[in-house]
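Student: For reference, this is target.cif, and it has mmCIF, C-alpha atoms.
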data_my_file
#
loop_
_atom_site.label_atom_id
_atom_site.label_comp_id
_atom_site.auth_asym_id
_atom_site.auth_seq_id
_atom_site.Cartn_x
_atom_site.Cartn_y
_atom_site.Cartn_z
CA MET D 4 0.00 0.00 0.00
CA ALA D 5 1.43 3.34 -1.04
CA ARG D 6 2.17 5.91 1.63
CA LYS D 7 -0.08 8.95 1.19
CA VAL D 8 1.75 12.28 1.15
CA MET D 9 0.64 15.84 0.51
CA ILE D 10 3.10 18.44 -0.81
CA VAL D 11 2.77 22.09 0.24
CA GLU D 12 5.28 24.21 -1.69
CA ASP D 13 4.79 27.61 -3.32
CA GLU D 14 7.58 27.16 -5.87
CA SER D 15 5.94 25.07 -8.60
CA LEU D 16 9.18 23.60 -10.04
CA ILE D 17 10.25 22.35 -6.62
CA ALA D 18 6.76 20.91 -6.01
CA ILE D 19 6.79 19.10 -9.38
CA ASP D 20 10.30 17.68 -8.81
CA LEU D 21 9.32 16.50 -5.36
CA LYS D 22 6.09 14.93 -6.64
CA PHE D 23 7.94 12.93 -9.32
CA MET D 24 10.65 11.90 -6.86
CA LEU D 25 8.09 10.61 -4.39
CA GLU D 26 5.96 8.83 -6.98
CA ASP D 27 9.05 7.21 -8.54
CA ASN D 28 9.82 5.76 -5.11
CA GLY D 29 6.37 4.33 -4.38
CA TYR D 30 4.71 7.18 -2.51
CA GLU D 31 1.25 8.41 -3.46
CA VAL D 32 0.99 12.19 -3.70
CA VAL D 33 -2.69 12.74 -2.83
CA ALA D 34 -2.67 16.53 -3.07
CA GLN D 35 -0.52 19.59 -3.72
CA ALA D 36 -0.95 23.11 -2.37
CA SER D 37 0.95 26.34 -2.87
CA ASN D 38 -0.11 28.11 0.34
CA GLY D 39 -1.14 27.34 3.91
CA GLU D 40 -4.84 28.05 3.46
CA THR D 41 -5.18 25.60 0.60
CA ALA D 42 -3.06 23.10 2.53
CA ILE D 43 -5.57 23.08 5.39
CA GLU D 44 -8.51 22.58 3.00
CA LEU D 45 -6.76 19.76 1.13
CA ALA D 46 -5.64 18.09 4.37
CA PHE D 47 -9.29 17.89 5.46
CA LEU D 48 -10.32 16.59 2.06
CA HIS D 49 -7.56 14.01 1.42
CA LYS D 50 -6.33 13.12 4.94
CA PRO D 51 -2.74 12.28 3.96
CA GLN D 52 -0.55 10.27 6.31
CA LEU D 53 2.20 12.92 6.11
CA ILE D 54 2.53 16.47 4.82
CA LEU D 55 5.74 17.87 3.31
CA MET D 56 5.36 21.61 3.88
CA ASP D 57 7.42 24.67 3.05
CA ILE D 58 7.68 27.18 5.90
CA LYS D 59 7.64 30.46 3.95
CA MET D 60 4.54 30.72 1.76
CA PRO D 61 1.99 33.34 0.75
CA LYS D 62 -1.33 33.89 2.58
CA LEU D 63 -0.60 31.59 5.53
CA ASP D 64 2.89 30.31 6.30
CA GLY D 65 3.74 26.66 6.93
CA LEU D 66 4.16 27.08 10.67
CA LYS D 67 0.67 28.53 11.19
CA ALA D 68 -0.90 26.03 8.78
CA SER D 69 0.83 23.11 10.51
CA LYS D 70 -0.48 24.29 13.91
CA ILE D 71 -4.05 24.33 12.59
CA ILE D 72 -3.59 20.92 10.96
CA GLU D 73 -2.16 19.54 14.21
CA GLN D 74 -5.05 20.86 16.30
CA GLN D 75 -7.80 19.73 13.96
CA LEU D 76 -6.44 16.63 12.22
CA GLY D 77 -3.25 15.53 13.99
CA ILE D 78 -1.49 14.89 10.67
CA PRO D 79 2.31 14.91 11.01
CA VAL D 80 4.43 17.38 9.04
CA LEU D 81 7.94 17.38 7.63
CA PHE D 82 9.07 20.90 6.85
CA ILE D 83 10.84 21.79 3.61
CA SER D 84 13.15 24.72 4.11
CA ALA D 85 16.06 26.70 2.81
CA TYR D 86 16.72 28.01 6.33
CA SER D 87 19.61 26.93 8.47
CA GLU D 88 19.22 24.24 11.10
CA LYS D 89 19.47 26.81 13.89
CA GLU D 90 16.53 28.86 12.57
CA LEU D 91 14.45 25.71 12.02
CA LEU D 92 14.86 24.52 15.60
CA LEU D 93 12.52 27.29 16.69
CA TYR D 94 9.74 25.63 14.70
CA MET D 95 10.35 22.07 15.81
CA LYS D 96 8.52 22.24 19.15
CA GLN D 97 5.09 21.24 17.85
CA ASP D 98 4.01 17.65 18.46
CA ASN D 99 3.16 16.96 14.82
CA ILE D 100 6.51 18.17 13.40
CA LEU D 101 8.65 15.14 12.60
CA GLY D 102 11.64 16.99 11.17
CA TYR D 103 12.72 18.86 8.09
CA VAL D 104 14.39 18.51 4.71
CA MET D 105 16.78 21.21 3.54
CA LYS D 106 16.56 22.75 0.06
CA PRO D 107 17.96 22.02 -2.43
CA PHE D 108 17.11 18.38 -1.94
CA SER D 109 17.77 15.08 -3.64
CA GLU D 110 16.63 11.50 -3.19
CA LYS D 111 19.64 10.97 -0.90
CA ASN D 112 18.40 13.47 1.68
CA VAL D 113 14.61 13.21 1.21
CA LEU D 114 13.94 9.47 1.12
CA PRO D 115 15.72 8.50 4.35
CA VAL D 116 13.93 11.29 6.22
CA LEU D 117 10.59 10.10 4.81
CA GLU D 118 11.29 6.51 5.84
CA VAL D 119 12.14 7.57 9.39
CA ALA D 120 9.03 9.77 9.51
CA PHE D 121 6.77 6.92 8.37
CA HIS D 122 8.41 4.59 10.87
CA GLN D 123 7.55 7.10 13.63
CA ILE D 124 3.99 7.42 12.29
CA ASP D 125 3.57 3.62 12.29
CA LYS D 126 4.99 3.39 15.79
CA PHE D 127 2.64 6.12 17.05
CA ASN D 128 -0.37 4.48 15.41
CA ARG D 129 0.55 1.09 16.86
CA LEU D 130 0.96 2.53 20.36
CA ASN D 131 -2.24 4.53 20.02
CA GLY D 132 -4.07 1.35 18.97
CA GLU D 133 -2.71 -0.49 21.99
CA ILE D 134 -3.84 2.31 24.29
CA LEU D 135 -7.34 2.31 22.76
CA TYR D 136 -7.53 -1.48 23.12
CA LYS D 137 -6.46 -1.33 26.77
CA GLN D 138 -8.92 1.47 27.48
CA THR D 139 -11.73 -0.56 25.91
CA GLN D 140 -10.77 -3.60 27.98
CA LEU D 141 -10.69 -1.46 31.13
CA ASP D 142 -14.11 0.01 30.34
CA LYS D 143 -15.52 -3.50 29.85
CA ARG D 144 -13.94 -4.64 33.11
CA LYS D 145 -15.58 -1.72 34.97
CA VAL D 146 -19.01 -2.70 33.65
CA ILE D 147 -18.51 -6.33 34.70
CA GLU D 148 -17.28 -5.27 38.16
CA ARG D 149 -20.31 -3.01 38.59
CA ALA D 150 -22.67 -5.82 37.58
CA LYS D 151 -20.95 -8.21 40.00
CA GLY D 152 -21.37 -5.70 42.82
CA LEU D 153 -25.06 -5.20 42.07
CA LEU D 154 -25.63 -8.98 41.84
CA MET D 155 -23.79 -9.57 45.12
CA GLN D 156 -25.98 -7.00 46.82
CA ALA D 157 -29.28 -8.00 45.20
CA GLU D 158 -28.89 -11.76 45.61
CA ASN D 159 -26.65 -11.82 48.68
CA ILE D 160 -24.00 -13.92 46.90
CA SER D 161 -20.20 -13.92 46.86
CA GLU D 162 -18.07 -12.20 44.25
CA ASP D 163 -17.10 -15.56 42.73
CA GLU D 164 -20.75 -16.60 42.48
CA ALA D 165 -21.66 -13.30 40.83
CA TYR D 166 -18.82 -13.70 38.33
CA ARG D 167 -19.82 -17.30 37.55
CA LYS D 168 -23.42 -16.21 37.03
CA ILE D 169 -22.36 -13.56 34.49
CA ARG D 170 -19.94 -15.95 32.77
CA ASN D 171 -22.50 -18.79 32.55
CA GLU D 172 -25.13 -16.46 31.09
CA SER D 173 -22.54 -15.24 28.59
CA MET D 174 -21.72 -18.79 27.48
CA GLN D 175 -25.39 -19.85 27.27
CA THR D 176 -26.45 -16.85 25.20
CA GLN D 177 -23.13 -16.61 23.31
CA GLN D 178 -22.85 -12.91 24.11
CA GLU D 179 -19.86 -11.06 25.49
CA MET D 180 -19.73 -10.85 29.27
CA VAL D 181 -19.86 -7.07 29.06
CA HIS D 182 -23.27 -7.24 27.30
CA ILE D 183 -24.64 -9.56 29.98
CA ALA D 184 -23.19 -7.30 32.67
CA GLN D 185 -24.83 -4.23 31.10
CA GLN D 186 -28.19 -6.07 30.99
CA ILE D 187 -27.82 -6.94 34.68
CA ILE D 188 -27.01 -3.32 35.54
CA ASN D 189 -30.00 -2.08 33.53
CA ASN D 190 -32.37 -4.64 35.09
CA LEU D 191 -31.22 -4.13 38.66
CA GLN D 192 -31.28 -0.34 38.38
CA VAL D 193 -34.85 -0.43 37.01
CA ASN D 194 -35.97 -2.74 39.82
CA SER D 195 -34.37 -0.73 42.61
#
What's the structure tokens form of this structure?
Tutor:
Amino acid sequence: MARKVMIVEDESLIAIDLKFMLEDNGYEVVAQASNGETAIELAFLHKPQLILMDIKMPKLDGLKASKIIEQQLGIPVLFISAYSEKELLLYMKQDNILGYVMKPFSEKNVLPVLEVAFHQIDKFNRLNGEILYKQTQLDKRKVIERAKGLLMQAENISEDEAYRKIRNESMQTQQEMVHIAQQIINNLQVNS
């Protein structure tokens, strides 16, 4: 699956060269913009995995555009710049900024930076997925614990008995324990 990239560069020759370079190396350029305002619109429309963005542009510069994109979409950005490393460091303190590529550029200095950036994106997505999974499991566990507590109180049974009751009902009806637990909570709250 091709990696989806958006290019934001006001110098059309540089944008075209970059587009061909990326496409020749298996990346999919989903959109191109020549200013920050258009970049924001196209980011919403195309939702690229990564944006290569020039800093100095007309209408809205890359720094301001990347802040808006970070706040509203969370899409990571690699800056394209002719500025020195020292000047760029001032811009690198946003969470969605993964680095920068200096102009003039070639495959030798663009492709490795892109690969590292996509590795970081994959790592973030994997960790984010693990966190969401753990949060979901925790939320399910809370529902089951609440149902156990209500069953223990309503039927004057032990915690183990309440758990077994939920588990047995789950196996008999072939529903997740969390669904059975939610039914128990709903029923016992209505009856109390």
Student: Quick check, in Å to one decimal: how far apart do atom CA of D:Pro51 and atom CA of D:Leu117 lie?
Tutor: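 Separation between atom CA of D:Pro51 and atom CA of D:Leu117: 13.5 Å.
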Student: Work out how far atom CA of D:Glu118 is from atom CA of D:Lys59, in Å to one decimal.
Tutor: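 Separation of atom CA of D:Lys59 and atom CA of D:Glu118: 24.3 Å.
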Student: Which residues are near D:Ser84? Cut-off 8 Å, all atoms listed in the file, ignore same chain within fewer than 2 positions. Put them as a list in words.
Tutor: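 Here the answer would be Asp57, Ile58, Lys59, Phe82, Tyr86, Tyr103, Val104, Met105 and Lys106 of chain D.
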Student: From the set D:Glu12, D:Glu133, D:Leu45, D:Met174, which residue has the shortest atom-to-atom contact distance to D:Ile78, counting all atoms listed in the file?
Tutor: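 Under the stated criterion, the closest residue is D:Leu45.
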Student: Evaluate the PyMOL selection byres ((chain D and resi 158-165) around 12) and record the selected residues as a list in words, following the chain and residue labels used in the document.
Tutor: Ile147, Glu148, Arg149, Ala150, Lys151, Gly152, Leu153, Leu154, Met155, Gln156, Ala157, Tyr166, Arg167, Lys168, Ile169, Arg170, Asn171, Glu172, Met180, Ile183, Ala184, Ile187 and Leu191 of chain D
Student: To verify the selection step, state as a VMD selection string which residues the PyMOL selection byres ((chain D and resi 13-16) around 6) yields on this input.
Tutor: chain D and resid 12 17 to 19 37 60
Student: I need every residue sitting at most 10 Å from the point (3.0, 16.7, 8.6) (coordinates as in the file, all atoms listed in the file considered), written as a list in words.
Tutor: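 Applying the cut-off with all atoms listed in the file, one gets Val8, Met9, Ile10, Val11, Ala46, Pro51, Gln52, Leu53, Ile54, Leu55, Met56, Ser69, Lys70, Ile72, Glu73, Gly77, Ile78, Pro79, Val80, Leu81, Phe82, Asp98, Asn99, Ile100, Leu101, Gly102, Tyr103 and Ala120 of chain D.
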Student: One number please: atom CA of D:Val181 to atom CA of D:Lys143, in Å, one decimal.
Tutor: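 Separation of atom CA of D:Val181 and atom CA of D:Lys143: 5.7 Å.
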Student: With all atoms listed in the file counted, which protein, DNA or RNA residues have an atom no more than 12 Å from (-9.1, 25.4, 6.2) in the file frame? Please answer as a list of chain:residue names.
Tutor: D:Asn38, D:Gly39, D:Glu40, D:Thr41, D:Ala42, D:Ile43, D:Glu44, D:Leu45, D:Ala46, D:Phe47, D:Leu48, D:Leu63, D:Lys67, D:Ala68, D:Ser69, D:Lys70, D:Ile71, D:Ile72, D:Gln74, D:Gln75, D:Leu76
Student: Generate a file of the selected residues that holds C-alpha atoms, formatted as an mmCIF file, keeping the file's coordinate frame.
Tutor:
data_model
loop_
_atom_site.group_PDB
_atom_site.id
_atom_site.type_symbol
_atom_site.label_atom_id
_atom_site.label_comp_id
_atom_site.auth_asym_id
_atom_site.auth_seq_id
_atom_site.Cartn_x
_atom_site.Cartn_y
_atom_site.Cartn_z
ATOM 1 C CA ASN D 38 -0.110 28.110 0.340
ATOM 2 C CA GLY D 39 -1.140 27.340 3.910
ATOM 3 C CA GLU D 40 -4.840 28.050 3.460
ATOM 4 C CA THR D 41 -5.180 25.600 0.600
ATOM 5 C CA ALA D 42 -3.060 23.100 2.530
ATOM 6 C CA ILE D 43 -5.570 23.080 5.390
ATOM 7 C CA GLU D 44 -8.510 22.580 3.000
ATOM 8 C CA LEU D 45 -6.760 19.760 1.130
ATOM 9 C CA ALA D 46 -5.640 18.090 4.370
ATOM 10 C CA PHE D 47 -9.290 17.890 5.460
ATOM 11 C CA LEU D 48 -10.320 16.590 2.060
ATOM 12 C CA LEU D 63 -0.600 31.590 5.530
ATOM 13 C CA LYS D 67 0.670 28.530 11.190
ATOM 14 C CA ALA D 68 -0.900 26.030 8.780
ATOM 15 C CA SER D 69 0.830 23.110 10.510
ATOM 16 C CA LYS D 70 -0.480 24.290 13.910
ATOM 17 C CA ILE D 71 -4.050 24.330 12.590
ATOM 18 C CA ILE D 72 -3.590 20.920 10.960
ATOM 19 C CA GLN D 74 -5.050 20.860 16.300
ATOM 20 C CA GLN D 75 -7.800 19.730 13.960
ATOM 21 C CA LEU D 76 -6.440 16.630 12.220
#
